[in-house]
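Notes follow the structure.
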Amino acid sequence: MSASSPKSSSARGRPAEMSRRKLGTITGLLWIATFVTSIPAVLLYDPLLNDPNFILGAGGGDTRIFIGAALELLLIIANIGTAVVPFALFRRYDERLAVGFVTARLVECGFIAVGIVSVLAIMTLRQDPAGTSDPTLVALGQSLVAVHDATFLLGPGFVVGIGNGLILGYLMYTSALVPRRMTFFGLVGGPLVSAAGIAVMFGAYDAGSAPQFLFTIPEIIWEGFLGIYLTFKGFRMTAATGDESRETAADPTVAVAAS
């Protein structure tokens, strides 16, 4: 029974071309899932977020709110998946950036989860007010809506710019796992998203207004590109990582084969 050599063990741990293609497809589908789950959820929440009397039972529509909450739960899973699924590949190029991207995704999902809790709390009060007066219910509902709006501002409106834009954009630029010219949408769009979120916080303009949307466009293009490109093309076969370069230099046979 022979022990496997370090070289063969390293080869098994290195993503092969086929596995890298499959990895890219899964990651791309997860990016697409973030669009499919987040946009409908915002639309479904519309009566809860914009009608102060919704908590009093006005307008019906309980089912659509719960569907929106379920979609946001799926959004959390997809968000985490976009960072965790390709983590082993990303860390070969820059472990700190790979960990940073996972961390940013988790922070963003934490804000989204708090937003879901605020929505479900409104639905609980709507269905069982427990003798609370209407003015008090309206005040409680608006407070919970304000919590939801704040989580949206700090999560998708700020952390996304740091994680998906700057961190992931720079990682993709240095690794060339996707075409480098497209990474500038993330490198530029990320700071714009974060700056727009800060501007809303200081009252420069309203959340969801035209100026904030315009600042978000480059980031939308970047994330949409990742979803489409990775689904159909996968991660590019780029130059060797630092670990692979050292292995090649230490093994003359590999060096000859690589030349």
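Each chain of the structure tokens is named A, B, ... in the order shown, its residues numbered from 1; ligands are numbered from 1 in display order.
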
Hey, could you make a per-residue contact list for segment 96-153 of chain A against segment 18-38 of chain A with 12 Å as the cut-off, showing the nearest pair of atoms and its distance in Å to one decimal, counting only C-alpha atoms, sorted by chain and number, as CSV?
residue,atom,partner,partner_atom,distance
A:Arg105,CA,A:Thr34,CA,11.9
A:Cys109,CA,A:Thr34,CA,11.6
A:Ile112,CA,A:Ser38,CA,10.3
A:Phe152,CA,A:Ser38,CA,11.2

Taking the chain letters and numbering used in this document, name the residues of segment 26-111 of chain A that DSSP puts in helix (DSSP H, G or I), as an mmCIF file with C-alpha atoms, in the first residue's frame.
data_model
loop_
_atom_site.group_PDB
_atom_site.id
_atom_site.type_symbol
_atom_site.label_atom_id
_atom_site.label_comp_id
_atom_site.auth_asym_id
_atom_site.auth_seq_id
_atom_site.Cartn_x
_atom_site.Cartn_y
_atom_site.Cartn_z
ATOM 1 C CA ILE A 26 -23.167 26.996 -9.619
ATOM 2 C CA THR A 27 -21.818 30.345 -8.431
ATOM 3 C CA GLY A 28 -23.383 32.136 -11.395
ATOM 4 C CA LEU A 29 -26.771 30.556 -10.731
ATOM 5 C CA LEU A 30 -26.540 31.687 -7.113
ATOM 6 C CA TRP A 31 -25.857 35.253 -8.275
ATOM 7 C CA ILE A 32 -28.913 35.066 -10.535
ATOM 8 C CA ALA A 33 -30.911 33.742 -7.571
ATOM 9 C CA THR A 34 -30.054 36.893 -5.608
ATOM 10 C CA PHE A 35 -31.852 38.950 -8.266
ATOM 11 C CA VAL A 36 -34.777 36.524 -8.571
ATOM 12 C CA THR A 37 -35.422 36.574 -4.811
ATOM 13 C CA SER A 38 -34.621 40.180 -3.843
ATOM 14 C CA ILE A 39 -36.530 42.189 -6.462
ATOM 15 C CA PRO A 40 -39.901 40.394 -6.098
ATOM 16 C CA ALA A 41 -39.607 40.583 -2.296
ATOM 17 C CA VAL A 42 -39.377 44.383 -2.398
ATOM 18 C CA LEU A 43 -42.429 44.557 -4.666
ATOM 19 C CA LEU A 44 -44.428 42.185 -2.474
ATOM 20 C CA ASP A 46 -45.081 47.429 -0.954
ATOM 21 C CA PRO A 47 -48.396 47.668 0.996
ATOM 22 C CA LEU A 48 -46.702 46.883 4.306
ATOM 23 C CA LEU A 49 -43.979 49.475 3.811
ATOM 24 C CA ASN A 50 -46.046 52.282 2.303
ATOM 25 C CA PRO A 52 -49.482 53.130 7.601
ATOM 26 C CA ASN A 53 -52.886 51.500 8.103
ATOM 27 C CA PHE A 54 -51.722 48.116 6.823
ATOM 28 C CA ILE A 55 -51.087 46.932 10.376
ATOM 29 C CA LEU A 56 -54.775 47.596 11.161
ATOM 30 C CA ASP A 62 -51.142 38.683 4.145
ATOM 31 C CA THR A 63 -50.027 35.901 1.792
ATOM 32 C CA ARG A 64 -47.934 38.190 -0.404
ATOM 33 C CA ILE A 65 -46.042 39.471 2.643
ATOM 34 C CA PHE A 66 -45.196 35.953 3.809
ATOM 35 C CA ILE A 67 -44.102 35.044 0.283
ATOM 36 C CA GLY A 68 -41.838 38.103 0.320
ATOM 37 C CA ALA A 69 -40.340 37.013 3.659
ATOM 38 C CA ALA A 70 -39.773 33.493 2.308
ATOM 39 C CA LEU A 71 -38.024 34.927 -0.748
ATOM 40 C CA GLU A 72 -35.732 36.952 1.493
ATOM 41 C CA LEU A 73 -34.847 33.806 3.423
ATOM 42 C CA LEU A 74 -33.866 32.239 0.100
ATOM 43 C CA LEU A 75 -31.943 35.450 -0.670
ATOM 44 C CA ILE A 76 -29.869 34.932 2.481
ATOM 45 C CA ILE A 77 -29.012 31.395 1.356
ATOM 46 C CA ALA A 78 -28.087 32.576 -2.150
ATOM 47 C CA ASN A 79 -25.997 35.471 -0.803
ATOM 48 C CA ILE A 80 -23.971 33.214 1.449
ATOM 49 C CA GLY A 81 -23.620 30.680 -1.351
ATOM 50 C CA THR A 82 -22.033 33.225 -3.704
ATOM 51 C CA ALA A 83 -19.193 33.609 -1.206
ATOM 52 C CA VAL A 84 -18.902 30.135 0.328
ATOM 53 C CA PHE A 87 -14.215 30.164 -1.364
ATOM 54 C CA ALA A 88 -11.692 27.354 -1.884
ATOM 55 C CA LEU A 89 -10.850 28.763 -5.329
ATOM 56 C CA PHE A 90 -10.755 32.387 -4.212
ATOM 57 C CA GLU A 95 -7.043 34.360 1.281
ATOM 58 C CA ARG A 96 -7.617 37.672 3.046
ATOM 59 C CA LEU A 97 -9.900 38.957 0.302
ATOM 60 C CA ALA A 98 -11.720 35.615 0.156
ATOM 61 C CA VAL A 99 -12.373 35.709 3.905
ATOM 62 C CA GLY A 100 -13.313 39.380 3.664
ATOM 63 C CA PHE A 101 -15.911 38.644 0.992
ATOM 64 C CA VAL A 102 -17.481 35.859 3.071
ATOM 65 C CA THR A 103 -17.552 38.178 6.095
ATOM 66 C CA ALA A 104 -19.170 41.011 4.151
ATOM 67 C CA ARG A 105 -21.828 38.636 2.815
ATOM 68 C CA LEU A 106 -22.587 37.413 6.344
ATOM 69 C CA VAL A 107 -22.890 40.976 7.647
ATOM 70 C CA GLU A 108 -25.228 41.868 4.786
ATOM 71 C CA CYS A 109 -27.348 38.798 5.501
ATOM 72 C CA GLY A 110 -27.479 39.754 9.177
ATOM 73 C CA PHE A 111 -29.089 43.072 8.235
#

Can you tell me which residues surround His148 of chain A at a distance of at most 10 Å, considering only C-alpha atoms, apart from same-chain residues fewer than 2 positions away, and format the answer as a PyMOL selection string? chain A and resi 49+111-119+142-146+150-153

Prev. selection, N, CA and C atoms, output as a PDB file, in the first residue's frame:
ATOM      1  N   LEU A  49     -44.958  48.406   3.612  1.00  0.00           N
ATOM      2  CA  LEU A  49     -43.979  49.475   3.811  1.00  0.00           C
ATOM      3  C   LEU A  49     -44.562  50.868   3.568  1.00  0.00           C
ATOM      4  N   PHE A 111     -28.163  41.947   8.374  1.00  0.00           N
ATOM      5  CA  PHE A 111     -29.089  43.072   8.235  1.00  0.00           C
ATOM      6  C   PHE A 111     -30.398  42.620   7.580  1.00  0.00           C
ATOM      7  N   ILE A 112     -30.309  41.783   6.554  1.00  0.00           N
ATOM      8  CA  ILE A 112     -31.517  41.300   5.885  1.00  0.00           C
ATOM      9  C   ILE A 112     -32.380  40.508   6.866  1.00  0.00           C
ATOM     10  N   ALA A 113     -31.750  39.693   7.706  1.00  0.00           N
ATOM     11  CA  ALA A 113     -32.496  38.891   8.679  1.00  0.00           C
ATOM     12  C   ALA A 113     -33.240  39.784   9.670  1.00  0.00           C
ATOM     13  N   VAL A 114     -32.605  40.851  10.121  1.00  0.00           N
ATOM     14  CA  VAL A 114     -33.278  41.789  11.032  1.00  0.00           C
ATOM     15  C   VAL A 114     -34.476  42.430  10.325  1.00  0.00           C
ATOM     16  N   GLY A 115     -34.326  42.734   9.044  1.00  0.00           N
ATOM     17  CA  GLY A 115     -35.439  43.289   8.278  1.00  0.00           C
ATOM     18  C   GLY A 115     -36.600  42.307   8.192  1.00  0.00           C
ATOM     19  N   ILE A 116     -36.296  41.027   8.003  1.00  0.00           N
ATOM     20  CA  ILE A 116     -37.355  40.011   7.959  1.00  0.00           C
ATOM     21  C   ILE A 116     -38.070  39.935   9.303  1.00  0.00           C
ATOM     22  N   VAL A 117     -37.314  40.001  10.394  1.00  0.00           N
ATOM     23  CA  VAL A 117     -37.913  39.955  11.730  1.00  0.00           C
ATOM     24  C   VAL A 117     -38.880  41.121  11.917  1.00  0.00           C
ATOM     25  N   SER A 118     -38.504  42.307  11.459  1.00  0.00           N
ATOM     26  CA  SER A 118     -39.388  43.468  11.609  1.00  0.00           C
ATOM     27  C   SER A 118     -40.670  43.290  10.807  1.00  0.00           C
ATOM     28  N   VAL A 119     -40.563  42.705   9.611  1.00  0.00           N
ATOM     29  CA  VAL A 119     -41.747  42.444   8.783  1.00  0.00           C
ATOM     30  C   VAL A 119     -42.663  41.429   9.461  1.00  0.00           C
ATOM     31  N   GLN A 142     -45.134  51.710  12.144  1.00  0.00           N
ATOM     32  CA  GLN A 142     -44.214  52.634  11.486  1.00  0.00           C
ATOM     33  C   GLN A 142     -42.805  52.531  12.062  1.00  0.00           C
ATOM     34  N   SER A 143     -42.721  52.244  13.356  1.00  0.00           N
ATOM     35  CA  SER A 143     -41.395  52.039  13.967  1.00  0.00           C
ATOM     36  C   SER A 143     -40.708  50.813  13.379  1.00  0.00           C
ATOM     37  N   LEU A 144     -41.471  49.744  13.201  1.00  0.00           N
ATOM     38  CA  LEU A 144     -40.905  48.525  12.634  1.00  0.00           C
ATOM     39  C   LEU A 144     -40.552  48.702  11.156  1.00  0.00           C
ATOM     40  N   VAL A 145     -41.362  49.490  10.439  1.00  0.00           N
ATOM     41  CA  VAL A 145     -41.023  49.809   9.046  1.00  0.00           C
ATOM     42  C   VAL A 145     -39.718  50.604   8.992  1.00  0.00           C
ATOM     43  N   ALA A 146     -39.542  51.523   9.945  1.00  0.00           N
ATOM     44  CA  ALA A 146     -38.305  52.297   9.996  1.00  0.00           C
ATOM     45  C   ALA A 146     -37.106  51.388  10.241  1.00  0.00           C
ATOM     46  N   ALA A 150     -33.970  50.884   7.692  1.00  0.00           N
ATOM     47  CA  ALA A 150     -32.585  51.077   8.134  1.00  0.00           C
ATOM     48  C   ALA A 150     -31.727  49.867   7.794  1.00  0.00           C
ATOM     49  N   THR A 151     -32.284  48.671   7.952  1.00  0.00           N
ATOM     50  CA  THR A 151     -31.516  47.471   7.613  1.00  0.00           C
ATOM     51  C   THR A 151     -31.248  47.409   6.117  1.00  0.00           C
ATOM     52  N   PHE A 152     -32.205  47.848   5.309  1.00  0.00           N
ATOM     53  CA  PHE A 152     -32.006  47.866   3.855  1.00  0.00           C
ATOM     54  C   PHE A 152     -30.929  48.875   3.480  1.00  0.00           C
ATOM     55  N   LEU A 153     -30.921  50.005   4.193  1.00  0.00           N
ATOM     56  CA  LEU A 153     -29.916  51.033   3.908  1.00  0.00           C
ATOM     57  C   LEU A 153     -28.514  50.560   4.268  1.00  0.00           C
TER      58      LEU A 153
END

Residues within 9 Å of Gly189 of chain A, please, as JSON, numbers by chain. Count only C-alpha atoms; anything in the same chain fewer than 3 positions from it doesn't count. {"A": [161, 165, 166, 184, 185, 186, 192, 193, 194, 215, 216, 217, 218, 219, 220, 221, 222]}

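Atom CA of Gly169 of chain A to atom CA of Gly155 of chain A spans 17.8 Å [interatomic distance, one decimal].
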
Nearby residues (only C-alpha atoms) at most 12 Å from Ala199 of chain A, same-chain spacing under 2 positions excluded, as a ChimeraX atom specification: /A:153-154,157-158,192-197,201-209,211-212,215

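The shortest atom-to-atom distance to Thr124 of chain A, with only C-alpha atoms taken into account, belongs to A:Leu137 out of A:Leu137, A:Met182, A:Met237, A:Ile198.
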
Could you list, as a ChimeraX atom specification, every residue within 12 Å of Pro129 of chain A, counting only C-alpha atoms and ignoring same-chain residues fewer than 6 positions away? /A:55-57,121-123,135-138,140-141

Hey, can you spit out that residue selection with C-alpha atoms as a tab-separated table (two decimals), in the first residue's frame?
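Result written to again_18.tsv:
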chain	number	residue	atom	x	y	z
A	55	ILE	CA	-51.09	46.93	10.38
A	56	LEU	CA	-54.78	47.60	11.16
A	57	GLY	CA	-55.82	44.99	8.62
A	121	ALA	CA	-43.42	41.41	13.80
A	122	ILE	CA	-45.76	43.72	11.87
A	123	MET	CA	-47.69	40.69	10.60
A	135	PRO	CA	-53.08	54.74	17.04
A	136	THR	CA	-50.62	52.66	19.06
A	137	LEU	CA	-50.63	49.93	16.45
A	138	VAL	CA	-49.94	52.43	13.68
A	140	LEU	CA	-45.59	50.46	16.35
A	141	GLY	CA	-45.98	49.52	12.70

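Atom CA of Val159 of chain A lies 22.3 Å from atom CA of Val178 of chain A.
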